[in-house]
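Text of the file query-v6.cif, holding mmCIF, C-alpha atoms and all ligand atoms:
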data_protein
#
loop_
_atom_site.label_atom_id
_atom_site.label_comp_id
_atom_site.auth_asym_id
_atom_site.auth_seq_id
_atom_site.Cartn_x
_atom_site.Cartn_y
_atom_site.Cartn_z
CA MET G 19 -20.28 -8.76 -13.96
CA PRO G 20 -17.87 -7.58 -11.21
CA GLU G 21 -14.95 -9.89 -10.43
CA GLN G 22 -15.67 -12.28 -7.51
CA LEU G 23 -12.70 -13.95 -5.81
CA THR G 24 -12.70 -16.78 -3.29
CA PHE G 25 -10.13 -17.47 -0.61
CA PRO G 26 -10.21 -20.89 1.08
CA ALA G 27 -10.73 -21.26 4.84
CA GLU G 28 -7.47 -23.23 5.28
CA SER G 29 -5.50 -20.33 3.80
CA VAL G 30 -7.37 -17.89 6.07
CA ALA G 31 -6.13 -19.90 9.05
CA VAL G 32 -2.51 -19.69 7.80
CA LEU G 33 -2.64 -15.90 7.43
CA GLU G 34 -4.62 -15.05 10.56
CA PRO G 35 -1.62 -14.80 12.99
CA ARG G 36 -0.06 -12.25 10.60
CA LEU G 37 -3.06 -9.92 10.53
CA PRO G 38 -4.38 -7.10 12.71
CA PRO G 39 -6.55 -8.27 15.62
CA LYS G 40 -10.24 -8.24 14.76
CA LEU G 41 -11.81 -5.17 16.36
CA GLU G 42 -14.00 -7.22 18.70
CA LEU G 43 -10.90 -9.13 19.93
CA GLN G 44 -8.74 -6.03 20.50
CA ASP G 45 -8.11 -5.77 24.25
CA ALA G 46 -7.00 -2.10 24.35
CA PRO G 47 -7.14 0.78 21.88
CA ARG G 48 -3.92 1.08 19.84
CA SER G 49 -1.87 4.27 19.79
CA ARG G 50 -1.30 3.89 16.03
CA PRO G 51 -2.69 1.73 13.23
CA PHE G 52 -1.46 -1.85 12.72
CA VAL G 53 0.77 -1.73 9.62
CA THR G 54 1.07 -4.57 7.12
CA LEU G 55 3.61 -4.09 4.33
CA THR G 56 2.45 -6.18 1.38
CA PHE G 57 3.29 -6.27 -2.31
CA ALA G 58 3.97 -8.63 -5.20
CA THR G 59 7.50 -8.87 -6.52
CA SER G 60 9.42 -10.59 -9.30
CA LEU G 61 12.58 -12.64 -8.70
CA ASP G 62 14.60 -9.51 -9.50
CA SER G 63 12.73 -7.48 -6.86
CA SER G 64 10.61 -5.54 -9.36
CA LEU G 65 7.06 -4.38 -8.74
CA SER G 66 6.48 -3.48 -12.36
CA LEU G 67 8.22 -3.55 -15.75
CA ALA G 68 8.87 0.21 -15.67
CA PRO G 69 7.58 3.27 -13.82
CA GLY G 70 4.06 3.91 -15.00
CA VAL G 71 3.50 0.40 -16.38
CA ARG G 72 0.78 -1.72 -14.74
CA THR G 73 2.25 -5.24 -14.47
CA ARG G 74 0.44 -8.37 -13.36
CA LEU G 75 2.65 -10.50 -11.13
CA SER G 76 0.18 -12.32 -8.85
CA GLY G 77 -1.55 -15.43 -10.11
CA PRO G 78 -5.21 -16.12 -9.21
CA GLY G 79 -4.44 -17.70 -5.78
CA SER G 80 -2.12 -14.98 -4.50
CA LYS G 81 -4.38 -12.29 -5.96
CA ALA G 82 -7.26 -13.70 -3.88
CA MET G 83 -4.87 -13.62 -0.90
CA THR G 84 -4.27 -9.89 -1.45
CA HIS G 85 -8.02 -9.31 -1.64
CA TYR G 86 -8.46 -11.28 1.58
CA LEU G 87 -5.95 -8.87 3.16
CA ARG G 88 -8.17 -6.04 1.90
CA THR G 89 -11.08 -7.55 3.88
CA ARG G 90 -8.94 -7.50 7.05
CA HIS G 91 -7.58 -3.93 6.98
CA ALA G 92 -9.33 -0.64 7.58
CA ALA G 93 -7.23 1.12 4.94
CA ILE G 94 -5.10 0.41 1.87
CA LEU G 95 -2.29 2.84 1.09
CA VAL G 96 -0.50 3.56 -2.20
CA GLY G 97 1.68 6.32 -3.60
CA VAL G 98 0.47 8.77 -6.20
CA SER G 99 2.62 7.26 -8.98
CA THR G 100 0.81 3.94 -8.47
CA VAL G 101 -2.52 5.71 -8.94
CA LEU G 102 -1.26 7.49 -12.06
CA ALA G 103 0.17 4.22 -13.47
CA ASP G 104 -2.56 1.75 -12.58
CA ASP G 105 -5.89 3.58 -12.20
CA PRO G 106 -6.52 1.06 -9.38
CA ALA G 107 -9.90 0.24 -7.85
CA LEU G 108 -8.37 -0.39 -4.40
CA ASN G 109 -11.49 -2.27 -3.33
CA CYS G 110 -12.09 -5.76 -2.00
CA ARG G 111 -13.50 -8.29 -4.46
CA ILE G 112 -13.82 -11.38 -2.22
CA ALA G 113 -17.25 -12.94 -2.81
CA GLY G 114 -19.56 -12.41 0.15
CA SER G 115 -17.37 -9.83 1.94
CA SER G 116 -19.13 -6.60 2.81
CA HIS G 117 -15.98 -4.90 4.14
CA GLN G 118 -14.24 -2.30 2.00
CA PRO G 119 -10.90 -0.73 2.94
CA ARG G 120 -10.47 3.04 2.81
CA PRO G 121 -8.03 3.92 -0.01
CA ILE G 122 -5.26 6.23 1.20
CA ILE G 123 -3.26 8.00 -1.50
CA ILE G 124 0.03 9.68 -0.64
CA ASP G 125 0.11 12.76 -2.85
CA ALA G 126 2.18 15.30 -0.95
CA ASN G 127 2.67 17.53 -4.00
CA LEU G 128 -0.80 17.28 -5.60
CA ARG G 129 0.25 15.39 -8.74
CA TRP G 130 -3.07 13.54 -9.21
CA THR G 131 -6.14 15.28 -10.58
CA PRO G 132 -9.01 12.97 -9.60
CA ARG G 133 -11.59 12.36 -12.34
CA ARG G 134 -15.12 10.97 -12.16
CA SER G 135 -14.12 8.16 -14.57
CA ASP G 136 -11.29 6.90 -12.29
CA LYS G 137 -11.92 3.31 -11.19
CA VAL G 138 -11.72 4.21 -7.52
CA PHE G 139 -14.77 6.49 -7.92
CA GLU G 140 -16.56 4.09 -10.28
CA VAL G 141 -16.48 1.24 -7.72
CA CYS G 142 -17.53 3.69 -5.03
CA ARG G 143 -20.63 4.74 -7.03
CA ASN G 144 -21.40 1.02 -7.53
CA GLY G 145 -21.31 0.42 -3.77
CA ALA G 146 -18.20 -1.78 -4.19
CA GLY G 147 -15.56 0.45 -2.63
CA LEU G 148 -14.85 3.59 -0.66
CA ALA G 149 -13.69 6.98 -1.92
CA PRO G 150 -10.05 7.87 -1.27
CA PHE G 151 -8.54 10.03 1.42
CA ILE G 152 -5.63 11.91 -0.17
CA LEU G 153 -2.78 12.83 2.14
CA THR G 154 -1.25 16.08 0.96
CA GLY G 155 1.23 18.70 2.12
CA ALA G 156 -0.68 21.46 0.31
CA ASP G 157 -2.58 24.21 2.14
CA ALA G 158 -6.37 24.11 1.96
CA SER G 159 -6.33 27.29 -0.15
CA ASP G 160 -4.22 25.51 -2.82
CA LEU G 161 -6.54 22.52 -3.26
CA PRO G 162 -8.34 22.47 -6.66
CA ALA G 163 -12.02 23.17 -5.98
CA ALA G 164 -13.25 20.62 -8.56
CA SER G 165 -11.19 17.84 -6.94
CA VAL G 166 -12.41 18.77 -3.44
CA GLU G 167 -16.00 18.68 -4.75
CA LEU G 168 -15.57 15.32 -6.56
CA LEU G 169 -14.04 13.74 -3.46
CA HIS G 170 -16.74 15.19 -1.20
CA GLU G 171 -19.51 13.89 -3.46
CA HIS G 172 -18.11 10.34 -3.11
CA GLY G 173 -17.28 10.53 0.62
CA GLY G 174 -13.55 11.16 0.21
CA LYS G 175 -11.39 14.14 1.13
CA TYR G 176 -7.94 15.71 1.29
CA ILE G 177 -6.13 15.47 4.61
CA ARG G 178 -3.26 17.84 5.30
CA VAL G 179 -0.19 16.18 6.79
CA PRO G 180 2.90 18.01 8.13
CA SER G 181 5.65 17.87 5.51
CA ALA G 182 9.27 18.82 4.95
CA ARG G 183 10.94 19.65 1.64
CA SER G 184 13.44 17.01 0.52
CA GLU G 185 16.86 18.55 -0.16
CA ALA G 186 17.48 16.00 -2.92
CA THR G 187 14.26 16.48 -4.91
CA GLY G 188 12.77 19.75 -3.66
CA ARG G 189 9.50 17.84 -3.14
CA LEU G 190 7.42 17.66 0.01
CA ARG G 191 7.87 14.48 2.10
CA PHE G 192 5.98 13.05 5.05
CA SER G 193 7.35 11.10 7.95
CA TRP G 194 5.64 7.74 8.49
CA ASP G 195 4.84 8.77 12.06
CA ASP G 196 2.81 11.68 10.64
CA ILE G 197 1.14 9.48 8.01
CA LEU G 198 0.05 7.02 10.70
CA SER G 199 -1.09 9.82 13.03
CA ALA G 200 -3.32 11.12 10.23
CA LEU G 201 -4.87 7.64 9.83
CA GLN G 202 -5.28 7.25 13.58
CA ALA G 203 -7.14 10.58 13.68
CA GLU G 204 -9.58 9.08 11.13
CA HIS G 205 -10.08 6.00 13.39
CA LEU G 206 -8.43 3.76 10.80
CA THR G 207 -7.04 1.02 13.04
CA SER G 208 -5.06 -0.90 10.42
CA VAL G 209 -3.47 -0.20 7.06
CA MET G 210 -1.95 -2.37 4.34
CA VAL G 211 0.81 -0.53 2.50
CA GLU G 212 0.81 -1.87 -1.09
CA GLY G 213 3.33 0.30 -2.92
CA GLY G 214 4.77 1.39 -5.13
CA GLY G 215 8.53 1.31 -4.98
CA GLN G 216 9.19 4.73 -3.49
CA ILE G 217 6.56 4.25 -0.81
CA ILE G 218 7.91 0.82 0.19
CA ASN G 219 11.55 1.93 0.10
CA SER G 220 10.75 4.92 2.29
CA LEU G 221 8.87 2.73 4.81
CA LEU G 222 11.81 0.28 4.91
CA ASP G 223 14.09 3.01 6.30
CA PRO G 224 15.39 1.54 9.59
CA ALA G 225 13.87 4.48 11.49
CA TYR G 226 10.43 3.08 10.64
CA HIS G 227 10.92 -0.67 11.19
CA LYS G 228 9.26 -0.41 14.59
CA LEU G 229 6.09 0.82 12.87
CA ILE G 230 5.75 -2.27 10.64
CA ASP G 231 3.79 -5.05 12.33
CA SER G 232 3.65 -7.60 9.53
CA VAL G 233 5.25 -8.20 6.12
CA ILE G 234 3.45 -10.33 3.52
CA VAL G 235 5.16 -10.54 0.13
CA THR G 236 3.98 -12.43 -2.96
CA ILE G 237 6.93 -13.70 -5.00
CA ALA G 238 6.12 -14.56 -8.61
CA PRO G 239 8.40 -16.95 -10.52
CA THR G 240 9.45 -14.42 -13.13
CA TRP G 241 12.28 -12.02 -13.89
CA LEU G 242 11.06 -8.68 -15.24
CA GLY G 243 14.51 -7.43 -16.31
CA GLN G 244 16.32 -4.16 -15.76
CA GLY G 245 14.47 -0.85 -15.72
CA GLY G 246 11.67 -2.00 -13.44
CA VAL G 247 10.37 -0.33 -10.29
CA VAL G 248 12.51 -2.04 -7.68
CA VAL G 249 12.09 -2.65 -3.95
CA SER G 250 15.56 -1.82 -2.61
CA PRO G 251 15.72 0.57 0.32
CA GLU G 252 18.49 3.11 0.75
CA ARG G 253 21.77 1.57 1.88
CA VAL G 254 22.90 1.80 5.51
CA THR G 255 26.54 1.67 6.60
CA ASP G 256 28.46 1.33 9.84
CA SER G 257 30.60 4.14 11.24
CA ALA G 258 33.49 3.06 8.94
CA GLY G 259 31.25 3.29 5.87
CA VAL G 260 30.94 -0.49 5.43
CA PRO G 261 27.52 -1.48 4.04
CA LEU G 262 25.15 -3.32 6.37
CA PRO G 263 21.95 -5.22 5.57
CA VAL G 264 18.99 -2.84 5.86
CA ALA G 265 16.54 -5.35 7.29
CA ARG G 266 15.95 -9.05 7.82
CA LEU G 267 12.65 -10.70 8.54
CA SER G 268 12.13 -12.97 11.51
CA GLN G 269 9.31 -15.41 12.34
CA VAL G 270 9.37 -16.32 8.68
CA SER G 271 6.97 -18.69 6.93
CA TRP G 272 6.51 -19.53 3.23
CA HIS G 273 3.20 -20.54 1.67
CA PRO G 274 2.68 -21.66 -1.94
CA PHE G 275 -0.31 -20.17 -3.77
CA GLY G 276 -0.45 -21.70 -7.26
CA ASP G 277 2.84 -20.83 -9.01
CA ASP G 278 3.60 -18.06 -6.50
CA VAL G 279 4.93 -18.23 -2.98
CA VAL G 280 3.81 -15.91 -0.20
CA LEU G 281 6.45 -14.95 2.35
CA CYS G 282 5.26 -13.83 5.80
CA GLY G 283 7.49 -12.34 8.47
CA THR G 284 8.06 -9.46 10.81
CA LEU G 285 10.67 -6.74 11.30
CA ARG G 286 9.74 -6.37 14.98
CA VAL G 287 12.12 -7.83 17.50
N1 LIG I 301 3.50 -5.37 -7.62
C1 LIG I 301 2.89 -4.67 -6.67
O1 LIG I 301 2.48 -5.22 -5.65
C2 LIG I 301 2.71 -3.21 -6.84
C3 LIG I 301 3.19 -2.56 -7.95
N2 LIG I 301 3.09 -1.20 -8.05
C4 LIG I 301 3.73 -0.53 -9.18
O2 LIG I 301 4.68 0.39 -8.69
C5 LIG I 301 4.82 1.45 -9.65
C6 LIG I 301 4.78 2.78 -8.92
O3 LIG I 301 5.84 2.86 -8.01
P1 LIG I 301 6.71 4.20 -7.88
O4 LIG I 301 6.95 4.77 -9.24
O5 LIG I 301 7.88 3.91 -7.05
O6 LIG I 301 5.73 5.21 -7.17
P2 LIG I 301 4.91 5.20 -5.78
O7 LIG I 301 3.57 4.63 -6.02
O8 LIG I 301 5.76 4.70 -4.67
O9 LIG I 301 4.66 6.76 -5.59
C7 LIG I 301 5.73 7.65 -5.61
C8 LIG I 301 5.27 8.97 -5.04
O10 LIG I 301 5.10 8.80 -3.66
C9 LIG I 301 5.76 9.86 -3.02
N3 LIG I 301 6.29 9.42 -1.74
C10 LIG I 301 6.96 8.28 -1.45
N4 LIG I 301 7.28 8.27 -0.14
C11 LIG I 301 6.78 9.43 0.37
C12 LIG I 301 6.80 10.03 1.65
N5 LIG I 301 7.40 9.42 2.69
N6 LIG I 301 6.21 11.23 1.82
C13 LIG I 301 5.59 11.84 0.78
N7 LIG I 301 5.55 11.35 -0.46
C14 LIG I 301 6.15 10.14 -0.64
C15 LIG I 301 6.91 10.26 -3.93
O11 LIG I 301 7.32 11.57 -3.68
C16 LIG I 301 6.29 10.08 -5.28
O12 LIG I 301 5.58 11.22 -5.67
C17 LIG I 301 3.71 1.31 -10.64
O13 LIG I 301 4.25 0.86 -11.87
C18 LIG I 301 2.79 0.28 -10.03
O14 LIG I 301 2.19 -0.51 -11.02
C19 LIG I 301 2.47 -0.46 -7.08
C20 LIG I 301 1.96 -1.06 -5.98
C21 LIG I 301 2.04 -2.49 -5.76
N1 LIG I 302 -0.78 -8.12 -5.14
C1 LIG I 302 -0.55 -7.52 -6.32
N2 LIG I 302 -0.16 -8.27 -7.37
C2 LIG I 302 0.11 -7.69 -8.55
O1 LIG I 302 0.48 -8.47 -9.58
C3 LIG I 302 -0.05 -6.31 -8.72
N3 LIG I 302 0.20 -5.72 -9.92
C4 LIG I 302 -0.49 -5.57 -7.59
N4 LIG I 302 -0.67 -4.24 -7.73
C5 LIG I 302 -1.34 -3.47 -6.72
O2 LIG I 302 -2.74 -3.63 -6.79
C6 LIG I 302 -3.33 -2.43 -7.30
C7 LIG I 302 -4.41 -2.74 -8.27
O3 LIG I 302 -5.55 -2.90 -7.52
P1 LIG I 302 -6.97 -3.16 -8.20
O4 LIG I 302 -6.93 -4.56 -8.72
O5 LIG I 302 -7.15 -2.18 -9.32
O6 LIG I 302 -7.95 -2.97 -7.08
C8 LIG I 302 -2.20 -1.68 -7.95
O7 LIG I 302 -2.43 -0.31 -8.02
C9 LIG I 302 -1.08 -2.00 -6.99
O8 LIG I 302 -1.20 -1.30 -5.79
N5 LIG I 302 -0.72 -6.19 -6.41
#
Serialized structure, structure tokens:
Amino acid sequence: MPEQLTFPAESVAVLEPRLPPKLELQDAPRSRPFVTLTFATSLDSSLSLAPGVRTRLSGPGSKAMTHYLRTRHAAILVGVSTVLADDPALNCRIAGSSHQPRPIIIDANLRWTPRRSDKVFEVCRNGAGLAPFILTGADASDLPAASVELLHEHGGKYIRVPSARSEATGRLRFSWDDILSALQAEHLTSVMVEGGGQIINSLLDPAYHKLIDSVIVTIAPTWLGQGGVVVSPERVTDSAGVPLPVARLSQVSWHPFGDDVVLCGTLRV
């Protein structure tokens, strides 16, 4: 029996001002998708116990909250290491909701080989989710034919995004402007960015704050300990080299969900 979550109407009302406008209420077309940054963290800012380790942080109430967010966004975006670690379904499991978000996987360097048994395809075949769009820096001629075919069969695809090679890692990187342009071209009007650590830390670069419309963070009352995947963006300094805070939320509100608390805010001025 597939999991069925419920999210109470009073909690819907609390979240609504933080969410993308419903399509029918949108007065003018947007030039880029509405971006919600959302993840679950421990008290020591960890997303998971270690890279590659799936770690449950959200309790039942905040988990249902995340799935409600999935009903309210056109797309849900994760990095390739999250897919490799978690084999996520990336679908919406709120009882009675017919909406499914489009999974977007950032895999600039083609590290993931999609397989028929992956959960994201399984839920798709069961009519309980959509197939992923994989954003890659690879040329069409370099895409593995079997992966292209598997994606095509389920309604997914690779999308080529302009990339630059990172001097530090030698790997291809995207700018967030290009990622959002690729989603806009697919008529995806909103996206929730779920993780993991590298994806969130790259989006929290001050150059991209103007692209983030809403931040919704679940904080679980637990310390995971050192060695976890941590949300901590690259440091910024003033002209004398003195460290400055990278970002601070405004319009902040806190909402308890069971043992967890959900923090809402914005980086927009
Ligand atoms: N608690 C939570 O809410 C969540 C937890 N997680 C956890 O996070 C962990 C995975 O996180 P990470 O290891 O940090 O990996 P990640 O999921 O952030 O993916 C890293 C990959 O994304 C690529 N990447 C990041 N920014 C990019 C950019 N701007 N352009 C192109 N490629 C980019 C990197 O090159 C790397 O290959 C897993 O253990 C997973 O369970 C993941 C999502 C949510
Ligand atoms: N909100 C939230 N709470 C946690 O405790 C988590 N571990 C995550 N992880 C994210 O959710 C994805 C799993 O999705 P499915 O349940 O398989 O659909 C996982 O890949 C992370 O992105 N999120």
| request: Would you mind listing what lies within 8 Å of Val211 of chain G as a list in words, with all atoms listed in the file counted and same-chain residues fewer than 6 positions away left out? | output: Val53, Thr54, Leu55, Thr56, Phe57, Ile94, Leu95, Val96 and Ile218 of chain G
| task | Determine, counting only C-alpha atoms, which protein, DNA and RNA residues have an atom within 8 Å of an atom of Ser271 of chain G; residues of the same chain fewer than 6 positions away are not included. Present the result as a PyMOL selection string. | result | chain G and resi 281-283
| task | Considering only C-alpha atoms and all ligand atoms, state which residue in the set G:Ser76, G:Ser208, G:Ser159, G:Ser199 is at the smallest distance from ligand LIG 302 (chain I). | result | G:Ser76
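The nearest approach to ligand LIG 301 (chain I) among the residues G:Ala58, G:Val260, G:Leu242, G:Ala27, with all atoms listed in the file taken into account, belongs to G:Ala58.
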Give me, as a Markdown table, the closest atom pair and its distance (Å, one decimal) for every residue of chain G within a cut-off of 8 Å of ligand LIG 302 (chain I), counting only C-alpha atoms and all ligand atoms, rows sorted by chain and rising number.
| residue | atom | partner | partner_atom | distance |
| --- | --- | --- | --- | --- |
| G:Thr56 | CA | I:LIG302 | N1 | 7.5 |
| G:Phe57 | CA | I:LIG302 | N1 | 5.3 |
| G:Ala58 | CA | I:LIG302 | N2 | 4.7 |
| G:Thr59 | CA | I:LIG302 | O1 | 7.7 |
| G:Leu65 | CA | I:LIG302 | N3 | 7.1 |
| G:Ser66 | CA | I:LIG302 | N3 | 7.1 |
| G:Arg72 | CA | I:LIG302 | N3 | 6.3 |
| G:Thr73 | CA | I:LIG302 | N3 | 5.0 |
| G:Arg74 | CA | I:LIG302 | O1 | 3.8 |
| G:Leu75 | CA | I:LIG302 | O1 | 3.4 |
| G:Ser76 | CA | I:LIG302 | O1 | 3.9 |
| G:Gly77 | CA | I:LIG302 | O1 | 7.3 |
| G:Ser80 | CA | I:LIG302 | N1 | 7.0 |
| G:Lys81 | CA | I:LIG302 | N1 | 5.6 |
| G:Thr84 | CA | I:LIG302 | N1 | 5.4 |
| G:Val96 | CA | I:LIG302 | O8 | 6.1 |
| G:Thr100 | CA | I:LIG302 | O7 | 5.4 |
| G:Val101 | CA | I:LIG302 | O7 | 6.1 |
| G:Ala103 | CA | I:LIG302 | O7 | 7.5 |
| G:Asp104 | CA | I:LIG302 | O7 | 5.0 |
| G:Asp105 | CA | I:LIG302 | O5 | 6.6 |
| G:Pro106 | CA | I:LIG302 | O5 | 3.3 |
| G:Ala107 | CA | I:LIG302 | O6 | 3.8 |
| G:Leu108 | CA | I:LIG302 | O6 | 3.7 |
| G:Asn109 | CA | I:LIG302 | O6 | 5.2 |
| G:Cys110 | CA | I:LIG302 | O6 | 7.1 |
| G:Lys137 | CA | I:LIG302 | O5 | 7.5 |
| G:Glu212 | CA | I:LIG302 | O8 | 5.1 |
| G:Gly213 | CA | I:LIG302 | O8 | 5.6 |
| G:Gly214 | CA | I:LIG302 | O8 | 6.6 |
| G:Thr236 | CA | I:LIG302 | N1 | 6.8 |
| request: State, in Å with one decimal place, the distance from atom C6 of ligand LIG 301 (chain I) to atom CA of Gly97 of chain G. | output: 7.1 Å
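Near Leu87 of chain G, within 10 Å and counting all atoms listed in the file, sit Val30, Leu33, Glu34, Leu37, Pro38, Thr54, Thr56, Lys81, Ala82, Met83, Thr84, His85, Thr89, Arg90, His91, Ala92, Ile94, Cys110, Ile112, Pro119, Val209, Met210 and Ile234 of chain G, not including residues fewer than 2 positions from it in the same chain.
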| Contacts of segment 177-192 of chain G at 10 Å or less, counting all atoms listed in the file, minus same-chain residues fewer than 5 places along, as a PyMOL selection string? | chain G and resi 122+124-128+151-158+197-201+204+220
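Nearest to Asp136 of chain G of all the residues G:Ile230, G:Ala258, G:His172, G:Ala238 is G:His172, counting all atoms listed in the file.
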| task | Considering only C-alpha atoms and all ligand atoms, state which residue in the set G:Gly259, G:Gly70, G:Pro39, G:Pro251 is at the smallest distance from ligand LIG 301 (chain I). | result | G:Gly70
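What separates atom CA of Arg50 of chain G from atom CA of Arg286 of chain G is a distance of 15.1 Å.
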